[in-house]
$ cat work04.cif   # mmCIF, C-alpha atoms and all ligand atoms
data_entry
loop_
_atom_site.label_atom_id
_atom_site.label_comp_id
_atom_site.auth_asym_id
_atom_site.auth_seq_id
_atom_site.Cartn_x
_atom_site.Cartn_y
_atom_site.Cartn_z
CA MET A 55 121.29 57.61 134.22
CA GLU A 56 123.76 56.70 131.49
CA LEU A 57 120.88 56.29 129.05
CA ILE A 58 119.33 59.62 129.97
CA THR A 59 122.54 61.58 129.65
CA SER A 60 123.28 60.06 126.25
CA LEU A 61 119.71 60.87 125.20
CA PHE A 62 120.27 64.51 126.14
CA GLU A 63 123.66 64.55 124.42
CA ARG A 64 121.92 63.50 121.23
CA ALA A 65 119.05 65.93 121.65
CA LEU A 66 121.51 68.77 122.20
CA ASN A 67 123.61 67.60 119.28
CA LEU A 68 126.75 67.55 121.42
CA GLU A 69 129.97 66.46 119.78
CA PRO A 70 133.09 65.24 121.57
CA PRO A 71 134.71 66.36 123.76
CA TRP A 72 131.43 67.72 125.16
CA ILE A 73 129.36 65.41 127.35
CA VAL A 74 126.36 65.73 129.63
CA LYS A 75 127.71 65.28 133.11
CA LYS A 76 124.64 65.74 135.23
CA ILE A 77 120.93 66.43 134.88
CA ASP A 78 119.12 68.08 137.72
CA PHE A 79 115.35 68.47 137.97
CA ASP A 80 114.40 71.24 140.33
CA GLU A 81 110.74 70.34 140.87
CA PRO A 82 109.66 73.27 143.08
CA GLN A 83 111.28 75.83 140.76
CA LYS A 84 110.15 73.96 137.63
CA LEU A 85 113.72 74.00 136.34
CA LEU A 86 115.78 71.53 134.38
CA ASN A 87 119.51 72.12 134.71
CA ILE A 88 121.80 70.30 132.34
CA TYR A 89 125.47 70.33 133.22
CA ILE A 90 127.85 69.96 130.31
CA ASP A 91 131.50 69.10 130.72
CA PHE A 92 134.54 67.67 128.95
CA PRO A 93 137.14 65.06 129.94
CA ARG A 94 140.40 66.26 131.39
CA GLY A 95 143.06 66.75 128.73
CA SER A 96 140.57 67.55 125.92
CA LEU A 97 141.77 69.79 123.11
CA PHE A 98 139.98 72.93 121.92
CA LEU A 99 140.31 75.18 118.89
CA CYS A 100 141.71 78.67 119.14
CA PRO A 101 138.76 80.85 118.02
CA ARG A 102 141.14 82.95 115.90
CA CYS A 103 143.38 80.43 114.16
CA GLY A 104 141.99 76.98 114.88
CA THR A 105 145.14 75.67 116.58
CA LEU A 106 144.38 72.93 119.12
CA SER A 107 145.28 73.49 122.76
CA LYS A 108 144.42 72.12 126.19
CA ALA A 109 142.32 74.16 128.59
CA TYR A 110 144.31 76.77 130.46
CA ASP A 111 141.49 77.32 132.95
CA THR A 112 137.67 77.54 132.79
CA VAL A 113 134.89 80.03 133.31
CA GLU A 114 131.43 78.79 134.34
CA LYS A 115 128.62 79.97 132.08
CA GLN A 116 124.90 79.37 131.83
CA TRP A 117 122.50 79.58 128.89
CA ARG A 118 118.76 79.45 128.66
CA HIS A 119 117.69 76.60 126.41
CA LEU A 120 114.34 75.47 124.97
CA ASN A 121 111.86 74.41 127.61
CA PHE A 122 111.67 70.74 128.47
CA PHE A 123 107.89 70.28 128.73
CA GLN A 124 106.87 72.67 131.54
CA TYR A 125 110.45 73.01 132.81
CA ALA A 126 112.57 76.02 131.95
CA CYS A 127 115.85 74.52 130.81
CA TYR A 128 119.33 75.87 131.40
CA LEU A 129 122.67 74.56 130.21
CA THR A 130 125.65 75.10 132.46
CA ALA A 131 129.23 74.46 131.39
CA ARG A 132 132.78 75.22 132.36
CA VAL A 133 134.00 77.03 129.26
CA PRO A 134 137.74 76.58 128.75
CA ARG A 135 140.13 79.36 128.08
CA ILE A 136 143.11 78.29 126.00
CA GLU A 137 146.51 79.83 125.61
CA CYS A 138 147.33 80.04 121.92
CA THR A 139 150.96 80.78 121.07
CA GLY A 140 149.83 83.26 118.44
CA HIS A 141 146.80 84.81 120.13
CA GLY A 142 147.31 84.55 123.87
CA VAL A 143 144.62 83.55 126.37
CA LEU A 144 141.17 83.30 124.77
CA LEU A 145 137.78 81.90 125.70
CA ILE A 146 136.84 79.13 123.28
CA GLU A 147 133.58 79.05 121.35
CA VAL A 148 130.94 76.52 122.34
CA PRO A 149 128.89 74.90 119.58
CA TRP A 150 125.46 75.51 121.17
CA SER A 151 125.74 79.26 121.54
CA ARG A 152 127.37 82.32 120.01
CA SER A 153 129.94 84.05 122.19
CA GLY A 154 128.54 86.45 124.74
CA ALA A 155 124.96 85.23 124.33
CA ASP A 156 122.61 84.52 127.23
CA PHE A 157 120.67 81.91 125.28
CA THR A 158 121.52 78.83 123.24
CA LEU A 159 121.20 79.15 119.45
CA LEU A 160 118.03 77.06 119.43
CA PHE A 161 116.48 79.24 122.11
CA GLU A 162 117.46 82.37 120.17
CA SER A 163 115.89 80.95 117.06
CA LEU A 164 112.61 80.51 118.92
CA ALA A 165 112.84 83.95 120.57
CA MET A 166 113.52 85.64 117.21
CA ALA A 167 110.47 83.94 115.71
CA MET A 168 108.37 85.16 118.65
CA VAL A 169 109.68 88.73 118.44
CA ARG A 170 108.55 88.86 114.81
CA GLU A 171 105.02 88.05 115.84
CA MET A 172 104.49 89.91 119.09
CA PRO A 173 105.81 92.75 121.21
CA VAL A 174 109.19 92.25 122.84
CA ASN A 175 107.56 92.97 126.22
CA ALA A 176 105.11 90.15 125.68
CA VAL A 177 107.84 87.73 124.62
CA SER A 178 109.76 88.75 127.71
CA ARG A 179 106.77 87.92 129.92
CA ILE A 180 106.01 84.63 128.21
CA ILE A 181 109.52 83.24 128.37
CA GLY A 182 110.32 84.88 131.69
CA GLU A 183 113.49 86.60 130.53
CA ASP A 184 114.57 90.21 130.94
CA ASP A 185 113.60 92.24 127.86
CA ASN A 186 117.08 93.81 127.73
CA LYS A 187 118.47 90.39 126.85
CA LEU A 188 115.93 90.08 124.05
CA TRP A 189 116.71 93.53 122.67
CA ARG A 190 120.43 92.73 122.76
CA MET A 191 119.79 89.51 120.83
CA LEU A 192 117.56 91.30 118.30
CA ARG A 193 120.17 94.00 117.73
CA HIS A 194 122.89 91.41 117.28
CA TYR A 195 121.03 89.40 114.64
CA THR A 196 119.70 92.34 112.65
CA GLU A 197 123.16 93.94 112.60
CA GLU A 198 124.74 90.64 111.67
CA ALA A 199 122.20 90.00 108.90
CA ARG A 200 122.76 93.51 107.55
CA THR A 201 126.50 92.88 107.14
CA HIS A 202 125.58 90.33 104.45
CA GLU A 203 123.31 92.73 102.54
CA ASP A 204 124.37 93.64 99.01
CA TYR A 205 123.05 96.89 97.54
CA SER A 206 125.03 96.79 94.29
CA SER A 207 121.88 96.46 92.16
CA VAL A 208 119.88 99.26 93.80
CA VAL A 209 118.78 101.84 91.19
CA ALA A 210 115.70 103.46 92.76
CA ILE A 211 115.23 104.60 96.33
CA GLY A 212 112.63 106.38 98.39
CA VAL A 213 113.49 108.51 101.38
CA ASP A 214 110.97 109.38 104.04
CA GLU A 215 110.72 110.08 107.69
CA THR A 216 108.68 108.64 110.49
CA SER A 217 108.35 109.87 114.01
CA ALA A 218 109.76 108.04 116.98
CA LYS A 219 108.69 108.15 120.62
CA ARG A 220 105.41 110.08 120.42
CA GLY A 221 106.59 112.34 117.64
CA GLN A 222 109.47 113.95 119.49
CA ASP A 223 112.27 112.68 117.29
CA TYR A 224 112.46 111.86 113.65
CA VAL A 225 113.77 108.76 112.02
CA THR A 226 114.63 108.68 108.32
CA LEU A 227 114.12 105.52 106.30
CA VAL A 228 115.58 104.69 102.92
CA VAL A 229 113.76 102.07 100.90
CA ASN A 230 114.89 100.05 97.90
CA MET A 231 111.93 100.71 95.59
CA ASP A 232 112.31 97.54 93.54
CA GLU A 233 112.59 95.09 96.40
CA LYS A 234 110.23 97.11 98.60
CA LYS A 235 112.41 96.86 101.66
CA THR A 236 114.07 99.21 104.09
CA ILE A 237 117.81 99.43 103.49
CA PHE A 238 118.74 102.20 105.92
CA VAL A 239 117.41 103.66 109.14
CA THR A 240 118.92 106.69 110.84
CA GLN A 241 118.05 109.36 113.35
CA GLY A 242 117.11 112.86 112.24
CA LYS A 243 116.19 114.37 108.88
CA ASP A 244 118.84 117.00 108.30
CA SER A 245 121.41 117.61 105.60
CA SER A 246 123.80 114.96 106.96
CA THR A 247 121.14 112.25 106.73
CA ILE A 248 121.68 111.45 103.05
CA GLU A 249 125.44 111.56 103.52
CA ARG A 250 125.20 108.96 106.28
CA PHE A 251 123.05 106.82 104.03
CA LYS A 252 125.62 107.04 101.24
CA GLU A 253 128.39 105.82 103.55
CA ASP A 254 126.34 102.86 104.70
CA PHE A 255 125.17 102.17 101.16
CA MET A 256 128.76 101.97 99.89
CA ALA A 257 129.75 99.80 102.83
CA HIS A 258 127.16 97.33 101.46
CA HIS A 259 128.52 97.40 97.88
CA GLY A 260 126.03 100.08 96.80
CA ILE A 261 127.22 102.29 93.92
CA PRO A 262 125.90 105.86 94.29
CA GLU A 263 126.29 106.52 90.52
CA THR A 264 123.90 103.71 89.59
CA VAL A 265 121.05 105.19 91.60
CA ILE A 266 118.90 106.82 88.92
CA ASN A 267 115.59 107.53 90.60
CA VAL A 268 114.94 108.98 94.02
CA SER A 269 111.57 109.79 95.56
CA ILE A 270 111.60 112.38 98.35
CA ASP A 271 109.49 115.12 99.85
CA MET A 272 110.37 118.77 99.13
CA SER A 273 112.59 119.25 102.17
CA PRO A 274 115.67 121.28 101.19
CA ALA A 275 117.87 119.00 103.31
CA PHE A 276 116.93 115.93 101.29
CA ILE A 277 117.18 117.76 97.95
CA LYS A 278 120.65 119.05 98.79
CA GLY A 279 121.70 115.68 100.18
CA ILE A 280 120.67 113.84 97.01
CA GLU A 281 122.24 116.40 94.70
CA GLU A 282 125.54 116.28 96.54
CA ASN A 283 125.78 112.53 97.10
CA PHE A 284 123.94 110.83 94.25
CA SER A 285 125.16 112.62 91.15
CA ASN A 286 123.13 110.63 88.61
CA ALA A 287 119.90 110.52 90.54
CA VAL A 288 116.86 112.35 89.21
CA ILE A 289 114.47 113.51 91.90
CA THR A 290 110.77 112.69 91.85
CA PHE A 291 108.77 114.60 94.42
CA ASP A 292 106.53 112.15 96.14
CA ARG A 293 102.95 112.85 95.13
CA PHE A 294 101.58 111.90 98.52
CA HIS A 295 103.65 114.67 100.08
CA ILE A 296 102.47 117.13 97.43
CA MET A 297 98.88 116.16 98.20
CA LYS A 298 99.64 116.73 101.87
CA ILE A 299 100.81 120.28 101.11
CA LEU A 300 97.55 120.94 99.24
CA GLY A 301 95.53 119.27 101.97
CA ASN A 302 97.12 121.54 104.56
CA ALA A 303 96.29 124.54 102.40
CA VAL A 304 92.62 123.50 102.19
CA ASP A 305 92.58 123.03 105.94
CA GLU A 306 94.02 126.48 106.49
CA VAL A 307 91.28 127.97 104.29
CA ARG A 308 88.62 126.11 106.26
CA LYS A 309 90.00 127.28 109.60
CA LYS A 310 89.77 130.93 108.56
CA GLU A 311 86.40 130.59 106.93
CA ILE A 312 84.74 128.69 109.75
CA LYS A 313 84.19 131.97 111.61
CA GLU A 314 81.83 133.14 108.85
CA GLN A 315 80.43 129.82 107.69
CA GLU A 316 78.82 127.81 110.47
CA MET A 317 78.20 124.82 108.20
CA LEU A 318 81.97 124.16 108.02
CA ARG A 319 82.03 123.22 111.67
CA GLY A 320 82.97 119.60 112.18
CA THR A 321 83.96 119.07 108.54
CA ARG A 322 87.73 119.05 108.90
CA TYR A 323 88.31 115.47 107.77
CA LEU A 324 85.89 115.77 104.90
CA TRP A 325 88.26 118.10 103.03
CA LEU A 326 91.38 116.08 103.78
CA LYS A 327 90.10 112.88 102.23
CA ASN A 328 89.60 111.92 98.63
CA ARG A 329 85.99 111.98 97.53
CA SER A 330 85.97 108.21 96.99
CA ASN A 331 87.10 107.59 100.57
CA LEU A 332 84.39 109.62 102.24
CA THR A 333 81.87 107.96 104.50
CA GLU A 334 78.19 108.05 103.45
CA LYS A 335 77.51 110.79 105.95
CA GLN A 336 80.45 112.86 104.70
CA LYS A 337 79.30 112.40 101.09
CA GLU A 338 75.87 113.75 101.98
CA MET A 339 77.42 116.68 103.82
CA LEU A 340 79.68 117.51 100.89
CA ALA A 341 76.82 117.26 98.39
CA ALA A 342 74.72 119.58 100.57
CA ILE A 343 77.47 122.20 100.79
CA GLU A 344 78.36 121.95 97.09
CA SER A 345 74.74 122.34 95.98
CA LEU A 346 74.16 125.59 97.83
CA PRO A 347 72.97 128.21 95.35
CA ARG A 348 75.79 130.50 94.18
CA CYS A 349 78.11 128.58 96.39
CA ASN A 350 81.10 130.76 97.01
CA ILE A 351 82.56 129.00 99.94
CA LYS A 352 86.32 129.25 99.63
CA THR A 353 86.85 125.90 101.31
CA VAL A 354 84.82 124.20 98.58
CA ARG A 355 86.78 125.96 95.85
CA ALA A 356 90.07 125.08 97.52
CA PHE A 357 88.91 121.49 97.76
CA HIS A 358 88.07 121.42 94.06
CA ILE A 359 91.50 122.82 93.20
CA ARG A 360 93.12 120.09 95.30
CA GLU A 361 91.01 117.41 93.59
CA ASN A 362 91.86 118.80 90.20
CA PHE A 363 95.58 118.62 90.86
CA GLN A 364 95.24 114.95 91.69
CA LEU A 365 93.40 114.28 88.43
CA ALA A 366 96.47 115.34 86.45
CA TYR A 367 98.12 112.08 87.53
CA LYS A 368 95.60 110.21 85.39
CA GLU A 369 96.71 111.89 82.14
CA PRO A 370 97.92 109.46 79.45
CA THR A 371 101.08 111.25 78.26
CA LEU A 372 103.80 113.40 79.76
CA HIS A 373 102.68 116.23 77.47
CA ASP A 374 99.07 115.99 78.72
CA PHE A 375 100.32 115.74 82.30
CA GLU A 376 102.33 118.94 81.96
CA THR A 377 99.56 120.79 80.09
CA MET A 378 97.06 119.89 82.76
CA LEU A 379 99.43 120.94 85.54
CA LYS A 380 100.06 124.28 83.83
CA LYS A 381 96.31 124.94 83.53
CA TRP A 382 95.90 123.90 87.12
CA TYR A 383 98.66 126.29 88.19
CA PHE A 384 96.98 129.17 86.38
CA TRP A 385 93.64 128.37 88.02
CA ALA A 386 95.20 127.95 91.49
CA THR A 387 97.23 131.15 91.34
CA HIS A 388 94.16 133.11 90.18
CA SER A 389 91.89 131.70 92.86
CA ARG A 390 92.48 134.62 95.22
CA ILE A 391 92.77 132.05 98.00
CA GLU A 392 96.08 132.78 99.74
CA PRO A 393 97.00 129.34 101.10
CA ILE A 394 96.23 127.75 97.70
CA ILE A 395 98.33 130.31 95.87
CA ALA A 396 101.23 129.66 98.26
CA ALA A 397 100.93 125.86 97.79
CA ALA A 398 100.79 126.28 94.00
CA LYS A 399 103.95 128.40 94.10
CA THR A 400 105.74 125.76 96.16
CA ILE A 401 104.79 123.18 93.56
CA LYS A 402 105.94 125.47 90.73
CA ALA A 403 109.30 125.94 92.45
CA HIS A 404 109.78 122.15 92.32
CA TRP A 405 108.34 121.73 88.83
CA SER A 406 110.78 119.28 87.22
CA GLY A 407 110.64 116.91 90.20
CA VAL A 408 106.84 117.03 90.10
CA LEU A 409 106.82 116.24 86.36
CA ARG A 410 109.44 113.53 86.80
CA TRP A 411 106.76 111.32 88.33
CA PHE A 412 105.36 110.64 84.90
CA THR A 413 108.63 109.09 83.76
CA SER A 414 109.78 107.38 86.97
CA LYS A 415 106.30 106.42 88.24
CA ILE A 416 107.74 106.14 91.73
CA ASP A 417 106.21 107.47 94.89
CA ASN A 418 106.50 106.84 98.60
CA GLY A 419 103.41 104.68 98.68
CA ILE A 420 105.66 101.76 99.57
CA LEU A 421 107.04 103.78 102.44
CA GLU A 422 103.57 104.69 103.61
CA GLY A 423 102.80 100.98 103.64
CA LEU A 424 105.99 100.26 105.55
CA ASN A 425 105.20 103.18 107.81
CA SER A 426 101.95 101.64 108.91
CA LEU A 427 103.83 98.43 109.69
CA ILE A 428 106.34 100.45 111.67
CA GLN A 429 103.61 102.32 113.53
CA ALA A 430 102.13 98.96 114.42
CA ALA A 431 105.55 97.70 115.46
CA LYS A 432 106.04 100.82 117.51
CA ALA A 433 102.75 100.30 119.26
CA LYS A 434 103.84 96.75 119.94
CA ALA A 435 107.40 97.68 120.84
CA ARG A 436 106.31 99.96 123.64
CA GLY A 437 109.31 100.55 125.82
CA TYR A 438 111.87 100.05 123.11
CA LYS A 439 113.96 102.48 125.17
CA THR A 440 116.66 103.36 122.65
CA PHE A 441 116.85 104.32 119.02
CA GLU A 442 119.04 101.26 118.39
CA ASN A 443 116.21 99.00 119.57
CA PHE A 444 113.68 100.83 117.43
CA ARG A 445 115.97 100.55 114.42
CA ALA A 446 116.43 96.81 114.99
CA ILE A 447 112.65 96.34 115.00
CA ILE A 448 112.29 98.36 111.78
CA TYR A 449 114.93 96.24 110.05
CA LEU A 450 113.36 93.04 111.37
CA ILE A 451 109.87 93.93 110.16
CA THR A 452 110.55 95.87 106.94
CA GLY A 453 114.12 94.94 105.96
CA LYS A 454 113.48 91.50 104.45
CA LEU A 455 116.80 90.44 105.97
CA ASP A 456 118.29 87.04 105.31
CA PHE A 457 119.06 85.50 108.67
CA SER A 458 120.36 82.26 107.20
CA LYS A 459 123.94 83.55 107.19
CA THR A 460 123.89 84.65 110.81
CA GLY A 461 124.36 81.21 112.34
CA LEU A 462 120.80 81.26 113.63
CA PRO A 463 119.29 77.75 113.18
CA THR A 464 116.37 77.96 110.76
ZN ZN B 1 145.29 81.25 117.76
#
$ encode --input "work04.cif" --output "structure tokens"
Amino acid sequence: MELITSLFERALNLEPPWIVKKIDFDEPQKLLNIYIDFPRGSLFLCPRCGTLSKAYDTVEKQWRHLNFFQYACYLTARVPRIECTGHGVLLIEVPWSRSGADFTLLFESLAMAMVREMPVNAVSRIIGEDDNKLWRMLRHYTEEARTHEDYSSVVAIGVDETSAKRGQDYVTLVVNMDEKKTIFVTQGKDSSTIERFKEDFMAHHGIPETVINVSIDMSPAFIKGIEENFSNAVITFDRFHIMKILGNAVDEVRKKEIKEQEMLRGTRYLWLKNRSNLTEKQKEMLAAIESLPRCNIKTVRAFHIRENFQLAYKEPTLHDFETMLKKWYFWATHSRIEPIIAAAKTIKAHWSGVLRWFTSKIDNGILEGLNSLIQAAKAKARGYKTFENFRAIIYLITGKLDFSKTGLPT
């Protein structure tokens, strides 16, 4: 027995005064219980000041540890409370676990690695632990890792929203464009959103004045938020959002026209895609509609106007870009197609931020990429229950956080 306990002491990396007192195999339950103890009169550090004291009394605690072959393993210990002259009665910290945790550090390290790769529900089933404990652990480590983040070198950001819980609520993400990682996640997309980001940004050594480029959609709340909180930032309106506005306009035209033009039935997605992304069948359909003699189908014209706008982004100089956009605007506003005229006017009202793209060359493409990761995470994180859990998953998957400073064994 002596040999076995010392073997376990070494495997658990126990240091004096901690010893393995008893090992108990529960065969029917497939459990291995390891009881850890300390000799009477041992001294422990005050968790606040490090002063050594004897145990005042103890509290029994249990932690899930890494499985021992097919046995689920638990550590049980009497954790001393000490009475420090400066800090009163306090529970001491044990070396195998962080305070308040249900798992040992090694078990948490494994669980965190699993949560990265599969849904929390699945991890919960595999390891046979309540998913609430896993969420709590995930929140703790992502929050802890975020406290070590340093945003002092951030100069370009993208702001975008994603939907949470079947599209009922919105979540706003802020991305560091250069490092391609999420640096802030918050609920809502109103005028206070950017203000909340600024507070958090400064709490992580971010300097609002050094943020030069910001990519956003045309929502007045974001525009106002950036203008009020990031005084040196120049806004670029994300071209994917602009294309979405034009896409919606084309779709509106199609919906109205479908009553007169039977051939438009079942073509919705054809007009929303770029020509190069169409399926073979859609390409044939488009060619057939476009080649109709004296084709005056408004949907086709609207589609061509949308395509033409996109082409401007291929122009070689800022001057050419602006010239092309001006020509486009003239064409669009003289198209006599209401939804297209309205979209063109929206674009005109945000002209400098549309043009800014040529200089900043930033767009929310990164965010769209992150978004698909998040959507996948969301699908996997079914039953994430609270916004805080959802946020933790977003940071874990898209935040490129450094967990090495969190005390998590790597
Ligand atoms: Zn103390």
$ residues_near_ligand --input "work04.cif" --ligand "ligand ZN 1 (chain B)" --cutoff "9 Å" --atoms "all atoms listed in the file" --output "MDAnalysis selection string"
chainID A and resid 99:106 137:144
$ closest_residue --input "work04.cif" --among "A:Arg355, A:Leu450, A:Pro393, A:Glu369" --to "Met191 (chain A)" --atoms "all atoms listed in the file"
A:Leu450
$ atom_distance --input "work04.cif" --atom1 "CA of Phe294 (chain A)" --atom2 "CA of Ser426 (chain A)"
14.6 Å
$ closest_residue --input "work04.cif" --among "A:Glu334, A:Glu311, A:Glu203, A:Glu56" --to "Asn350 (chain A)" --atoms "all atoms listed in the file"
A:Glu311
$ atom_distance --input "work04.cif" --atom1 "CA of Ile136 (chain A)" --atom2 "CA of Thr112 (chain A)"
8.7 Å
$ closest_residue --input "work04.cif" --among "A:Leu129, A:Gly242, A:Tyr323, A:Ala65" --to "Ala218 (chain A)" --atoms "all atoms listed in the file"
A:Gly242
$ atom_distance --input "work04.cif" --atom1 "CA of Thr290 (chain A)" --atom2 "CA of Phe357 (chain A)"
24.3 Å
$ residues_around --input "work04.cif" --residues "Lys402 (chain A)" --least-positions-apart "2" --cutoff "12 Å" --atoms "only C-alpha atoms" --output "PyMOL selection string"
chain A and resi 272+291+296+376+379-380+382-384+386-387+395-400+404-409
$ residues_around --input "work04.cif" --residues "Ile420 (chain A)" --least-positions-apart "5" --cutoff "10 Å" --atoms "only C-alpha atoms" --output "PyMOL selection string"
chain A and resi 212+229-232+234-236+425
$ residues_around --input "work04.cif" --residues "Asp214 (chain A)" --least-positions-apart "6" --cutoff "12 Å" --atoms "all atoms listed in the file" --output "ChimeraX atom specification"
/A:224-230,236,238-244,247-248,268-273,275-276,291-292,294-295,417-425
$ residues_around --input "work04.cif" --residues "region 178-183 of chain A" --least-positions-apart "6" --cutoff "10 Å" --atoms "all atoms listed in the file" --output "ChimeraX atom specification"
/A:118,120-121,126,156,165,168-169,189
$ closest_residue --input "work04.cif" --among "A:Asp91, A:Ala176, A:Arg193, A:Gln124" --to "Ala155 (chain A)" --atoms "all atoms listed in the file"
A:Arg193
$ residues_around --input "work04.cif" --residues "Thr464 (chain A)" --least-positions-apart "4" --cutoff "12 Å" --atoms "only C-alpha atoms" --output "PyMOL selection string"
chain A and resi 159-164+166-167+456-460
$ write_last_selection --input "work04.cif" --atoms "C-alpha atoms" --output "PDB file, in the frame of the given file"
ATOM      1  CA  LEU A 159     121.200  79.150 119.450  1.00  0.00           C
ATOM      2  CA  LEU A 160     118.030  77.060 119.430  1.00  0.00           C
ATOM      3  CA  PHE A 161     116.480  79.240 122.110  1.00  0.00           C
ATOM      4  CA  GLU A 162     117.460  82.370 120.170  1.00  0.00           C
ATOM      5  CA  SER A 163     115.890  80.950 117.060  1.00  0.00           C
ATOM      6  CA  LEU A 164     112.610  80.510 118.920  1.00  0.00           C
ATOM      7  CA  MET A 166     113.520  85.640 117.210  1.00  0.00           C
ATOM      8  CA  ALA A 167     110.470  83.940 115.710  1.00  0.00           C
ATOM      9  CA  ASP A 456     118.290  87.040 105.310  1.00  0.00           C
ATOM     10  CA  PHE A 457     119.060  85.500 108.670  1.00  0.00           C
ATOM     11  CA  SER A 458     120.360  82.260 107.200  1.00  0.00           C
ATOM     12  CA  LYS A 459     123.940  83.550 107.190  1.00  0.00           C
ATOM     13  CA  THR A 460     123.890  84.650 110.810  1.00  0.00           C
TER      14      THR A 460
END
$ closest_residue --input "work04.cif" --among "A:Ser330, A:Thr216, A:Thr413, A:Thr353" --to "Thr371 (chain A)" --atoms "only C-alpha atoms"
A:Thr413
$ residues_near_point --input "work04.cif" --point "(117.7, 112.9, 89.8)" --cutoff "10 Å" --atoms "only C-alpha atoms" --output "VMD selection string"
chain A and resid 265 to 269 277 280 to 281 284 to 290 406 to 407 410
$ write_last_selection --input "work04.cif" --atoms "C-alpha atoms" --output "PDB file, keeping the file's coordinate frame"
ATOM      1  CA  VAL A 265     121.050 105.190  91.600  1.00  0.00           C
ATOM      2  CA  ILE A 266     118.900 106.820  88.920  1.00  0.00           C
ATOM      3  CA  ASN A 267     115.590 107.530  90.600  1.00  0.00           C
ATOM      4  CA  VAL A 268     114.940 108.980  94.020  1.00  0.00           C
ATOM      5  CA  SER A 269     111.570 109.790  95.560  1.00  0.00           C
ATOM      6  CA  ILE A 277     117.180 117.760  97.950  1.00  0.00           C
ATOM      7  CA  ILE A 280     120.670 113.840  97.010  1.00  0.00           C
ATOM      8  CA  GLU A 281     122.240 116.400  94.700  1.00  0.00           C
ATOM      9  CA  PHE A 284     123.940 110.830  94.250  1.00  0.00           C
ATOM     10  CA  SER A 285     125.160 112.620  91.150  1.00  0.00           C
ATOM     11  CA  ASN A 286     123.130 110.630  88.610  1.00  0.00           C
ATOM     12  CA  ALA A 287     119.900 110.520  90.540  1.00  0.00           C
ATOM     13  CA  VAL A 288     116.860 112.350  89.210  1.00  0.00           C
ATOM     14  CA  ILE A 289     114.470 113.510  91.900  1.00  0.00           C
ATOM     15  CA  THR A 290     110.770 112.690  91.850  1.00  0.00           C
ATOM     16  CA  SER A 406     110.780 119.280  87.220  1.00  0.00           C
ATOM     17  CA  GLY A 407     110.640 116.910  90.200  1.00  0.00           C
ATOM     18  CA  ARG A 410     109.440 113.530  86.800  1.00  0.00           C
TER      19      ARG A 410
END
$ closest_residue --input "work04.cif" --among "A:Glu306, A:Asp204, A:Glu215, A:Glu233" --to "Ile261 (chain A)" --atoms "only C-alpha atoms"
A:Asp204
$ decode --input "work04.cif" --residues "region 76-84 of chain A" --atoms "N, CA, C and O atoms" --output "PDB file, in the first residue's frame"
ATOM      1  N   LYS A  76      -5.393   7.471   1.480  1.00  0.00           N
ATOM      2  CA  LYS A  76      -6.143   6.245   1.222  1.00  0.00           C
ATOM      3  C   LYS A  76      -6.567   6.224  -0.243  1.00  0.00           C
ATOM      4  O   LYS A  76      -6.879   7.270  -0.828  1.00  0.00           O
ATOM      5  N   ILE A  77      -6.567   5.024  -0.824  1.00  0.00           N
ATOM      6  CA  ILE A  77      -7.059   4.872  -2.187  1.00  0.00           C
ATOM      7  C   ILE A  77      -8.171   3.831  -2.152  1.00  0.00           C
ATOM      8  O   ILE A  77      -8.004   2.764  -1.572  1.00  0.00           O
ATOM      9  N   ASP A  78      -9.268   4.166  -2.776  1.00  0.00           N
ATOM     10  CA  ASP A  78     -10.420   3.290  -2.659  1.00  0.00           C
ATOM     11  C   ASP A  78     -11.012   3.019  -4.046  1.00  0.00           C
ATOM     12  O   ASP A  78     -11.511   3.922  -4.704  1.00  0.00           O
ATOM     13  N   PHE A  79     -10.903   1.757  -4.470  1.00  0.00           N
ATOM     14  CA  PHE A  79     -11.511   1.349  -5.736  1.00  0.00           C
ATOM     15  C   PHE A  79     -12.944   0.943  -5.478  1.00  0.00           C
ATOM     16  O   PHE A  79     -13.195   0.041  -4.691  1.00  0.00           O
ATOM     17  N   ASP A  80     -13.858   1.600  -6.147  1.00  0.00           N
ATOM     18  CA  ASP A  80     -15.255   1.193  -6.030  1.00  0.00           C
ATOM     19  C   ASP A  80     -15.591   0.463  -7.331  1.00  0.00           C
ATOM     20  O   ASP A  80     -15.986   1.080  -8.315  1.00  0.00           O
ATOM     21  N   GLU A  81     -15.408  -0.841  -7.331  1.00  0.00           N
ATOM     22  CA  GLU A  81     -15.547  -1.646  -8.542  1.00  0.00           C
ATOM     23  C   GLU A  81     -16.941  -1.526  -9.174  1.00  0.00           C
ATOM     24  O   GLU A  81     -17.046  -1.215 -10.369  1.00  0.00           O
ATOM     25  N   PRO A  82     -18.021  -1.758  -8.413  1.00  0.00           N
ATOM     26  CA  PRO A  82     -19.340  -1.681  -9.059  1.00  0.00           C
ATOM     27  C   PRO A  82     -19.636  -0.302  -9.676  1.00  0.00           C
ATOM     28  O   PRO A  82     -20.227  -0.207 -10.747  1.00  0.00           O
ATOM     29  N   GLN A  83     -19.201   0.746  -9.028  1.00  0.00           N
ATOM     30  CA  GLN A  83     -19.475   2.094  -9.543  1.00  0.00           C
ATOM     31  C   GLN A  83     -18.412   2.561 -10.541  1.00  0.00           C
ATOM     32  O   GLN A  83     -18.524   3.651 -11.093  1.00  0.00           O
ATOM     33  N   LYS A  84     -17.383   1.760 -10.713  1.00  0.00           N
ATOM     34  CA  LYS A  84     -16.252   2.122 -11.583  1.00  0.00           C
ATOM     35  C   LYS A  84     -15.649   3.475 -11.163  1.00  0.00           C
ATOM     36  O   LYS A  84     -15.478   4.390 -11.969  1.00  0.00           O
TER      37      LYS A  84
END
